[in-house]
file data-v1.cif (mmCIF, C-alpha atoms and all ligand atoms; chains and numbers go by the auth columns)
data_upload
#
loop_
_atom_site.group_PDB
_atom_site.id
_atom_site.type_symbol
_atom_site.label_atom_id
_atom_site.label_comp_id
_atom_site.label_asym_id
_atom_site.label_seq_id
_atom_site.Cartn_x
_atom_site.Cartn_y
_atom_site.Cartn_z
_atom_site.B_iso_or_equiv
_atom_site.auth_seq_id
_atom_site.auth_asym_id
ATOM 1 C CA MET A 1 -76.511 22.000 14.638 0.00 1 A
ATOM 2 C CA THR A 2 -79.728 20.757 13.191 0.00 2 A
ATOM 3 C CA ARG A 3 -81.317 22.579 10.298 0.00 3 A
ATOM 4 C CA PRO A 4 -84.036 20.439 8.785 0.00 4 A
ATOM 5 C CA ASP A 5 -84.907 23.173 6.281 0.00 5 A
ATOM 6 C CA VAL A 6 -81.576 22.977 4.453 0.00 6 A
ATOM 7 C CA GLN A 7 -80.977 20.348 1.790 0.00 7 A
ATOM 8 C CA PRO A 8 -77.492 18.837 2.015 0.00 8 A
ATOM 9 C CA ILE A 9 -74.855 19.693 -0.589 0.00 9 A
ATOM 10 C CA ALA A 10 -72.422 17.229 -2.109 0.00 10 A
ATOM 11 C CA ARG A 11 -69.233 16.388 -0.246 0.00 11 A
ATOM 12 C CA ARG A 12 -66.155 17.958 -1.795 0.00 12 A
ATOM 13 C CA PRO A 13 -62.807 16.376 -1.009 0.00 13 A
ATOM 14 C CA LEU A 14 -60.077 18.632 0.352 0.00 14 A
ATOM 15 C CA THR A 15 -57.441 19.766 -2.102 0.00 15 A
ATOM 16 C CA LYS A 16 -53.830 18.984 -1.188 0.00 16 A
ATOM 17 C CA LEU A 17 -53.311 22.642 -0.308 0.00 17 A
ATOM 18 C CA GLU A 18 -56.359 22.721 1.959 0.00 18 A
ATOM 19 C CA PHE A 19 -55.259 19.518 3.614 0.00 19 A
ATOM 20 C CA ALA A 20 -51.803 20.970 4.245 0.00 20 A
ATOM 21 C CA ARG A 21 -53.311 24.181 5.642 0.00 21 A
ATOM 22 C CA LEU A 22 -55.460 22.275 8.114 0.00 22 A
ATOM 23 C CA ALA A 23 -52.543 20.070 9.115 0.00 23 A
ATOM 24 C CA VAL A 24 -50.426 23.144 9.886 0.00 24 A
ATOM 25 C CA GLU A 25 -53.298 24.916 11.660 0.00 25 A
ATOM 26 C CA GLN A 26 -53.847 21.895 13.897 0.00 26 A
ATOM 27 C CA ASN A 27 -50.110 21.400 14.510 0.00 27 A
ATOM 28 C CA GLY A 28 -50.380 17.960 12.943 0.00 28 A
ATOM 29 C CA LYS A 29 -52.766 16.848 15.674 0.00 29 A
ATOM 30 C CA CYS A 30 -56.262 15.421 15.659 0.00 30 A
ATOM 31 C CA ALA A 31 -58.743 18.273 16.113 0.00 31 A
ATOM 32 C CA ASN A 32 -60.808 16.137 18.465 0.00 32 A
ATOM 33 C CA CYS A 33 -58.463 14.236 20.776 0.00 33 A
ATOM 34 C CA GLY A 34 -55.143 16.016 20.118 0.00 34 A
ATOM 35 C CA VAL A 35 -53.217 12.863 19.254 0.00 35 A
ATOM 36 C CA LYS A 36 -50.430 13.251 16.680 0.00 36 A
ATOM 37 C CA LEU A 37 -51.847 12.406 13.267 0.00 37 A
ATOM 38 C CA LYS A 38 -50.128 9.662 11.323 0.00 38 A
ATOM 39 C CA PHE A 39 -49.515 11.018 7.861 0.00 39 A
ATOM 40 C CA GLU A 40 -50.097 7.725 6.125 0.00 40 A
ATOM 41 C CA PRO A 41 -52.849 6.681 3.751 0.00 41 A
ATOM 42 C CA HIS A 42 -56.232 6.132 5.417 0.00 42 A
ATOM 43 C CA GLN A 43 -54.980 7.270 8.839 0.00 43 A
ATOM 44 C CA ILE A 44 -56.418 10.787 8.659 0.00 44 A
ATOM 45 C CA ARG A 45 -59.987 11.726 7.944 0.00 45 A
ATOM 46 C CA ASP A 46 -61.183 15.155 6.961 0.00 46 A
ATOM 47 C CA GLU A 47 -64.335 15.839 8.883 0.00 47 A
ATOM 48 C CA HIS A 48 -67.075 18.383 8.416 0.00 48 A
ATOM 49 C CA VAL A 49 -67.552 20.235 11.709 0.00 49 A
ATOM 50 C CA VAL A 50 -71.189 20.790 10.804 0.00 50 A
ATOM 51 C CA SER A 51 -72.141 17.820 8.676 0.00 51 A
ATOM 52 C CA LEU A 52 -73.294 18.507 5.137 0.00 52 A
ATOM 53 C CA PHE A 53 -76.496 16.750 5.971 0.00 53 A
ATOM 54 C CA GLY A 54 -77.061 19.185 8.828 0.00 54 A
ATOM 55 C CA GLY A 55 -76.565 22.230 6.589 0.00 55 A
ATOM 56 C CA GLY A 56 -72.766 22.502 6.813 0.00 56 A
ATOM 57 C CA THR A 57 -70.578 23.652 3.933 0.00 57 A
ATOM 58 C CA ASN A 58 -67.416 22.415 2.231 0.00 58 A
ATOM 59 C CA ASP A 59 -65.579 25.580 3.305 0.00 59 A
ATOM 60 C CA LEU A 60 -62.218 25.149 4.960 0.00 60 A
ATOM 61 C CA SER A 61 -63.656 26.783 8.089 0.00 61 A
ATOM 62 C CA ASN A 62 -66.011 23.839 8.378 0.00 62 A
ATOM 63 C CA ARG A 63 -63.303 21.208 7.934 0.00 63 A
ATOM 64 C CA GLN A 64 -61.050 19.495 10.451 0.00 64 A
ATOM 65 C CA LEU A 65 -58.565 16.659 10.313 0.00 65 A
ATOM 66 C CA TRP A 66 -59.409 13.832 12.663 0.00 66 A
ATOM 67 C CA CYS A 67 -57.674 10.608 13.533 0.00 67 A
ATOM 68 C CA ASN A 68 -59.367 7.354 12.605 0.00 68 A
ATOM 69 C CA GLU A 69 -60.291 6.588 16.204 0.00 69 A
ATOM 70 C CA CYS A 70 -62.329 9.771 16.592 0.00 70 A
ATOM 71 C CA VAL A 71 -64.247 9.420 13.371 0.00 71 A
ATOM 72 C CA LYS A 72 -66.150 6.315 14.399 0.00 72 A
ATOM 73 C CA PRO A 73 -68.142 7.712 17.349 0.00 73 A
ATOM 74 C CA LYS A 74 -68.745 11.027 15.539 0.00 74 A
ATOM 75 C CA ASN A 75 -70.225 9.260 12.565 0.00 75 A
ATOM 76 C CA ALA A 76 -72.451 7.294 14.904 0.00 76 A
ATOM 77 C CA SER A 77 -73.770 10.457 16.552 0.00 77 A
ATOM 78 C CA ASP A 78 -74.163 12.074 13.130 0.00 78 A
ATOM 79 C CA ALA A 79 -76.223 9.104 12.023 0.00 79 A
ATOM 80 C CA ALA A 80 -78.570 9.608 14.973 0.00 80 A
ATOM 81 C CA ARG A 81 -78.881 13.319 14.187 0.00 81 A
ATOM 82 C CA HIS A 82 -79.489 12.609 10.521 0.00 82 A
ATOM 83 C CA ALA A 83 -82.230 10.195 11.471 0.00 83 A
ATOM 84 C CA LYS A 84 -83.857 12.963 13.503 0.00 84 A
ATOM 85 C CA ILE A 85 -83.590 15.426 10.616 0.00 85 A
ATOM 86 C CA LYS A 86 -85.187 12.880 8.307 0.00 86 A
ATOM 87 C CA ARG A 87 -87.938 12.327 10.829 0.00 87 A
ATOM 88 C CA LEU A 88 -88.563 16.088 11.127 0.00 88 A
ATOM 89 C CA ARG A 89 -88.664 16.384 7.359 0.00 89 A
ATOM 90 C CA GLY A 90 -91.256 13.649 7.253 0.00 90 A
ATOM 91 C CA GLU A 91 -88.994 11.387 5.170 0.00 91 A
ATOM 92 C CA THR A 92 -89.706 8.482 7.458 0.00 92 A
ATOM 93 C CA LYS A 93 -93.098 7.001 8.088 0.00 93 A
ATOM 94 C CA THR A 94 -92.838 7.267 11.836 0.00 94 A
ATOM 95 C CA GLY A 95 -93.067 11.075 12.127 0.00 95 A
ATOM 96 C CA PRO A 96 -91.864 13.091 15.102 0.00 96 A
ATOM 97 C CA LYS A 97 -91.640 11.220 18.345 0.00 97 A
ATOM 98 C CA LYS A 98 -94.892 11.238 20.250 0.00 98 A
ATOM 99 C CA LYS A 99 -94.886 13.168 23.476 0.00 99 A
ATOM 100 C CA ILE A 100 -95.508 10.966 26.468 0.00 100 A
ATOM 101 C CA PRO A 101 -98.736 12.267 27.995 0.00 101 A
ATOM 102 C CA SER A 102 -98.488 13.541 31.522 0.00 102 A
ATOM 103 C CA ARG A 103 -100.637 11.914 34.148 0.00 103 A
ATOM 104 C CA GLY A 104 -101.513 15.410 35.267 0.00 104 A
ATOM 105 C CA PHE A 105 -102.026 16.625 38.756 0.00 105 A
ATOM 106 C CA ASP A 106 -104.540 15.266 41.154 0.00 106 A
ATOM 107 C CA LYS A 107 -107.411 17.680 40.694 0.00 107 A
ATOM 108 C CA LYS A 108 -108.671 17.107 44.230 0.00 108 A
ATOM 109 C CA PHE A 109 -105.801 19.125 45.629 0.00 109 A
ATOM 110 C CA LYS A 110 -104.511 22.629 45.016 0.00 110 A
ATOM 111 C CA ARG A 111 -101.123 24.053 45.797 0.00 111 A
ATOM 112 C CA LYS A 112 -101.221 27.593 47.145 0.00 112 A
ATOM 113 C CA MET A 113 -98.620 30.215 46.292 0.00 113 A
ATOM 114 C CA ASN A 114 -96.950 29.646 49.662 0.00 114 A
ATOM 115 C CA GLY A 115 -96.492 25.968 48.853 0.00 115 A
ATOM 116 C CA GLU A 116 -99.274 24.760 51.117 0.00 116 A
ATOM 117 C CA VAL A 117 -101.408 21.938 49.651 0.00 117 A
ATOM 118 C CA VAL A 118 -105.105 22.172 50.383 0.00 118 A
ATOM 119 C CA LYS A 119 -108.182 20.223 49.407 0.00 119 A
ATOM 120 C CA ALA A 120 -110.034 21.968 46.611 0.00 120 A
HETATM 121 ZN ZN ZN B . -58.585 11.853 17.472 0.00 1 B
#

call {"tool": "encode", "arguments": {"input": "data-v1.cif", "output": "structure tokens"}}
result
Amino acid sequence: MTRPDVQPIARRPLTKLEFARLAVEQNGKCANCGVKLKFEPHQIRDEHVVSLFGGGTNDLSNRQLWCNECVKPKNASDAARHAKIKRLRGETKTGPKKKIPSRGFDKKFKRKMNGEVVKA
């Protein structure tokens, strides 16, 4: 979700209770790929379903536990989306992407309602 009007809020780490709740809810599996999560330090990441930057909240309903492997590509796609939000907000100098102008139709011809092309 992209909401350029909303300013991001600060990331709040999960409490131990919240972490445990998510782990139980997800049956100890990664919410993205379903692989069994390794309950070791730095092996599990708590992810924001809707990123804070995109207007998401720190609520438990917006949090998921992901394995390390899944976090990398998601962060990459988030980075692209964040760049777009910045662009829409005018925080970059480049501004919104320019539309590629259409070459237009050849004005010498007309297409009738029945699909027939005739010289104008
Ligand atoms: Zn995963």

call {"tool": "resolve_selection", "arguments": {"input": "data-v1.cif", "expression": "the PyMOL selection byres (((chain A and resi 32-38) around 10) and not hetatm)", "output": "list in words"}}
result
Ala23, Gln26, Asn27, Gly28, Lys29, Cys30, Ala31, Phe39, Glu40, Pro41, His42, Gln43, Ile44, Arg45, Gln64, Leu65, Trp66, Cys67, Asn68, Glu69, Cys70, Val71 and Lys74 of chain A

call {"tool": "atom_distance", "arguments": {"input": "data-v1.cif", "atom1": "atom CA of A:Glu47", "atom2": "atom CA of A:Lys72"}}
result
11.2 Å

call {"tool": "resolve_selection", "arguments": {"input": "data-v1.cif", "expression": "the PyMOL selection byres (((chain A and resi 82) around 12) and not hetatm)", "output": "list in words"}}
result
Met1, Thr2, Arg3, Pro4, Gln7, Pro8, Val50, Ser51, Leu52, Phe53, Gly54, Gly55, Lys74, Asn75, Ala76, Ser77, Asp78, Ala79, Ala80, Arg81, Ala83, Lys84, Ile85, Lys86, Arg87, Leu88, Arg89, Glu91 and Thr92 of chain A

call {"tool": "closest_residue", "arguments": {"input": "data-v1.cif", "among": "A:Glu116, A:Ser61, A:Asp46, A:Ala10", "to": "ligand ZN 1 (chain B)", "atoms": "all atoms listed in the file"}}
result
A:Asp46

call {"tool": "atom_distance", "arguments": {"input": "data-v1.cif", "atom1": "atom CA of A:Arg11", "atom2": "atom CA of A:Lys93"}}
result
27.0 Å

call {"tool": "residues_near_point", "arguments": {"input": "data-v1.cif", "point": "(-57.7, 26.8, 8.2)", "cutoff": "7 Å", "atoms": "all atoms listed in the file", "output": "list of chain:residue names"}}
result
A:Arg21, A:Leu22, A:Glu25, A:Leu60, A:Ser61

call {"tool": "atom_distance", "arguments": {"input": "data-v1.cif", "atom1": "atom CA of A:Arg111", "atom2": "atom CA of A:Lys99"}}
result
25.6 Å

call {"tool": "closest_residue", "arguments": {"input": "data-v1.cif", "among": "A:Arg63, A:Pro73, A:Val49, A:Ser102", "to": "A:Pro13", "atoms": "all atoms listed in the file"}}
result
A:Arg63

call {"tool": "axis_aligned_box", "arguments": {"input": "data-v1.cif", "around": "stretch 31-42 of chain A", "padding_each_side": "5 Å", "output": "AutoDock Vina command-line options"}}
result
--center_x -55.2 --center_y 12.2 --center_z 12.3 --size_x 21.3 --size_y 22.1 --size_z 27.0

call {"tool": "decode", "arguments": {"input": "data-v1.cif", "residues": "stretch 104-118 of chain A", "atoms": "C-alpha atoms", "output": "tab-separated table (two decimals), in the first residue's frame"}}
result
chain	number	residue	atom	x	y	z
A	104	GLY	CA	-0.63	9.42	-31.70
A	105	PHE	CA	-2.68	8.04	-34.49
A	106	ASP	CA	-2.15	8.77	-38.11
A	107	LYS	CA	-4.61	11.57	-38.69
A	108	LYS	CA	-5.01	10.68	-42.36
A	109	PHE	CA	-7.05	7.64	-41.46
A	110	LYS	CA	-10.19	7.10	-39.41
A	111	ARG	CA	-11.47	3.92	-37.87
A	112	LYS	CA	-15.22	3.49	-38.14
A	113	MET	CA	-17.34	1.93	-35.41
A	114	ASN	CA	-17.45	-1.33	-37.37
A	115	GLY	CA	-13.67	-1.50	-37.37
A	116	GLU	CA	-13.27	-0.46	-40.99
A	117	VAL	CA	-10.37	1.95	-41.65
A	118	VAL	CA	-11.08	4.67	-44.17
